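Notes follow once the structure below has been shown.
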Amino acid sequence: MRFIGTVIEKLQRHPKRIVFPEGAEPRVLQAARQFYSLRLGAPILLGDRTRIKEVAQALNISLEGLRIINPAESDELLNFARRFETLRRYKGLKGFEAREAMLQPNYFGAMMVAMHQADGFVSGTNQISGSVLRPLFQIIKVAPQATTASSCQVLEVEDSRFGENGVLFMGDCGVIPDPTVDQLADIAVSTAQLAQKLAGVRPRVALLSFSTKGSASHPTIGKVQAATAMAQKKAQEKKVDADFDGELQVDAALVPEIAAVKSPDSKVAGKANVLIFPDLNSGNIASKLVRHIARANAYGQILLGLDRPAADVSRGSNAHDILGVAAIVGVQAVDYHVLYPGAGEKLPGEGK
């Protein structure tokens, strides 16, 4: 709770509206109740009003302060459908298909955020990632000055010697299966920016591999080395104050004694607080392994590089995890344009 407590304090000063498309999910209801009770802002639950009330009553959860919207009954349904039809016209989408899409809570919620009717989006507790990401990529898309949409998992472990007082930012653990050099560099810089914003520290970014400084030879190692150099360049261009190093094995990145042997001159080795994985296999496996074996608090996936703040939570998340993710998304929304200049300036279906 150390890390998420500071995030909650930040959001209490600037409350935000977070839309939860899975309004009848018990864990979401519990998280939304806490979100409101902690004065973090206004939770918006999507779904059938009667069903949401039944679940809330069964769990003895008050719905006071929680806004409920059934997309099928919303006055915005036609407007949202028209905008989505305009967005997807080049794909041959018809009007009735656009309306059917907007009846789905994830599509409706994504459009609410895109239209500034909500400040952030949190979904995924009972759906696969594709069902959450597809509406976001179709409606919200990538921010103007970003080229890569990825994700970050924030893990808080008991042992404060790791990361930043026990907090580690891990990317990409949820979106890009096999990133290119350019994408890997973007992931490193975006994750560093999030760490800087949420933890208020200088990011020490380790681009991970099964090799440390040429201890092995393989094409994938060359990709990590090239991405490290490119990340340093991109960070300088964006004025992101961070240290980058790679390729590093994870023990060299995290353990000072091992770093002293494997990479003694590194500014990052032994004290990394941001871990960048070479592919989605390693990132997803590692983040879930740490979460369950170390019994870490896990908050993610926080989506990076999108035009609006959003998150795709794990189906294994509990109410505390969902609350933490919603708080992070809310803090991102406070000054999202600082992270992504030009974000949020265009509405769906308007302009090129």
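Ligands are numbered from 1 in the order shown, chains are lettered A, B, ... in the order of the structure tokens, and residues start at 1 in each chain.
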
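With only C-alpha atoms taken into account, the protein and nucleic acid residues at most 8 Å from range 69-77 of chain A (excluding it and anything under 4 positions from it in its own chain) are Ile44, Leu45, Leu46, Gly47, Asp48, Arg49, Ala81, Arg99, Met102, Leu103, Gln104, Pro105 and Phe108 of chain A.
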
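The list of residues with at least one atom within 10 Å of Ser282 in chain A, based on only C-alpha atoms and without residues fewer than 4 positions apart in the same chain, reads Asp172, Cys173, Pro177, Leu208, Ser209, Ile276, Phe277, Pro278, Ala286 and Ser287 of chain A.
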
Please report, as a Markdown table, each residue of range 180-287 of chain A lying at most 10 Å from range 296-313 of chain A, together with the nearest pair of atoms and the separation in Å rounded to one decimal; use only C-alpha atoms, and order rows by chain and ascending residue number.
| residue | atom | partner | partner_atom | distance |
| --- | --- | --- | --- | --- |
| A:Asp186 | CA | A:Gly305 | CA | 8.9 |
| A:Ile187 | CA | A:Leu304 | CA | 8.0 |
| A:Ser190 | CA | A:Leu304 | CA | 6.5 |
| A:Thr191 | CA | A:Leu304 | CA | 7.5 |
| A:Gln193 | CA | A:Leu304 | CA | 9.7 |
| A:Leu194 | CA | A:Leu304 | CA | 8.4 |
| A:Ser287 | CA | A:Ala298 | CA | 8.4 |

Practice item. Would you please extract all strand (DSSP E or B) residues from range 34-279 of chain A, as assigned by DSSP on the backbone, and give them as an MDAnalysis selection string? Key: chainID A and resid 41:46 67:69 120:123 142 150:156 164 167:171 204:208 243:248 274:276

Exercise for review: Apply DSSP to the backbone of this structure and, from range 63-262 of chain A, keep only the residues in alpha helix (DSSP H); write these as a ChimeraX atom specification.
Suggested key: /A:77-87,95-102,105-114,129-139,181-199,219-237,250-254,256-262

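Distances to Val113 in chain A were evaluated for A:Gly324, A:Pro26, A:Gly330, A:Gly171 using only C-alpha atoms, and the minimum falls at A:Gly330.
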
Review point. CA of Ala32 in chain A and CA of Ile140 in chain A are how many Å apart?
Key: 23.0 Å

Exercise for review: Do a neighbour search on range 117-127 of chain A at 8 Å with only C-alpha atoms, toss out local chain neighbours closer than 4 positions, and write the hits as an MDAnalysis selection string.
Suggested key: chainID A and resid 16:22 25 28 106 109:110 112:113 131:132 308:317 322 325:326 329:330 333

**Study point:** Spatial neighbours of range 242-245 of chain A, 8 Å, only C-alpha atoms, chain gap at least 4 places, as a VMD selection string
**Key:** chain A and resid 192 202 to 207 228 231 to 232 235 266 to 269
